[in-house]
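One structure is given here, and the rest of the page talks about it.
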Amino acid sequence: MCRQLLQERAAISFLALFGCPYSTWYRILPQLRQRLGHQLERMVRHTRALASLTSRERRLYIAEKLRNHAAQRAAERLAEPDSVLVLRAKVERATIAAARRYAPGHFAGRVCLFLPCKAWVRSGLEPLRWRSVARDTEEYFGPDGCNNDIMLREPYARAFAELFKQCRARSDK
């Protein structure tokens, strides 16, 4: 959109991307890799928990996990679908489908990456690949422990508002 606005001679100080994975992350293979990674983490966590238990405790642990899983599935089947959540899921699927097809092109302006925290750079979401689309890029990092799902909510919103002000002040110079 910014490229189109620039073509129409609109004045754009900078493009701000907040917690934005690089577009190729939405493609099927990276998504499968992430799901596999989460499943592997769960398996390791449960294996460690089971290893420290006696055989009786292991049976109880497994039985409890199976009961919880069955109860969750039963609750999901009984719950009336929330029309807002159904619509939200439809929008989410359409957005991800569009993101999978998107191929970033060169942007002649300034790109400012607002990342949840420094550790997020190593998350596998490849946010620093956005540097490849513009000659002039900057990174702004939020506090440790923040992630892209909560970065614009309290208590982090103030920190990102301040970072945005700093970014904007650089364009006013």
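The way I read the labels, and the way they are meant: chains A, B, ... in the order of the structure tokens, residue 1 as the first residue of every chain, and ligand 1 as the first ligand shown, with later ones counted on from there.
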
| field | Residue contacts of Phe114 (chain A) (9 Å, only C-alpha atoms) excluding same-chain residues fewer than 3 positions away, as a VMD selection string | value | chain A and resid 16 to 20 117 138 to 142 160 163 to 164

| request: Extract, using only C-alpha atoms, all DNA, RNA and protein residues at most 12 Å from region 92-101 of chain A, discarding same-chain residues fewer than 6 positions from it, and format them as a ChimeraX atom specification. | output: /A:20-31,85-86

| request: Do a neighbour search on region 38-51 of chain A at 12 Å with only C-alpha atoms, toss out local chain neighbours closer than 6 positions, and write the hits as an MDAnalysis selection string. | output: chainID A and resid 31:32 57:62 65

| note | One decimal place gives the CA of Pro155 (chain A)-CA of Pro116 (chain A) separation as 12.4 Å

| query | What does the distance between CA of Arg35 (chain A) and CA of Glu126 (chain A) come to in Å, to one decimal place? | reply | 16.3 Å

| request: Would you mind writing down, as number ranges by chain, each residue of region 6-134 of chain A that DSSP on the backbone assigns to helix (DSSP H, G or I)? | output: A: 6-7, 23-26, 28-51, 55-78, 83-101, 118-122, 127-133
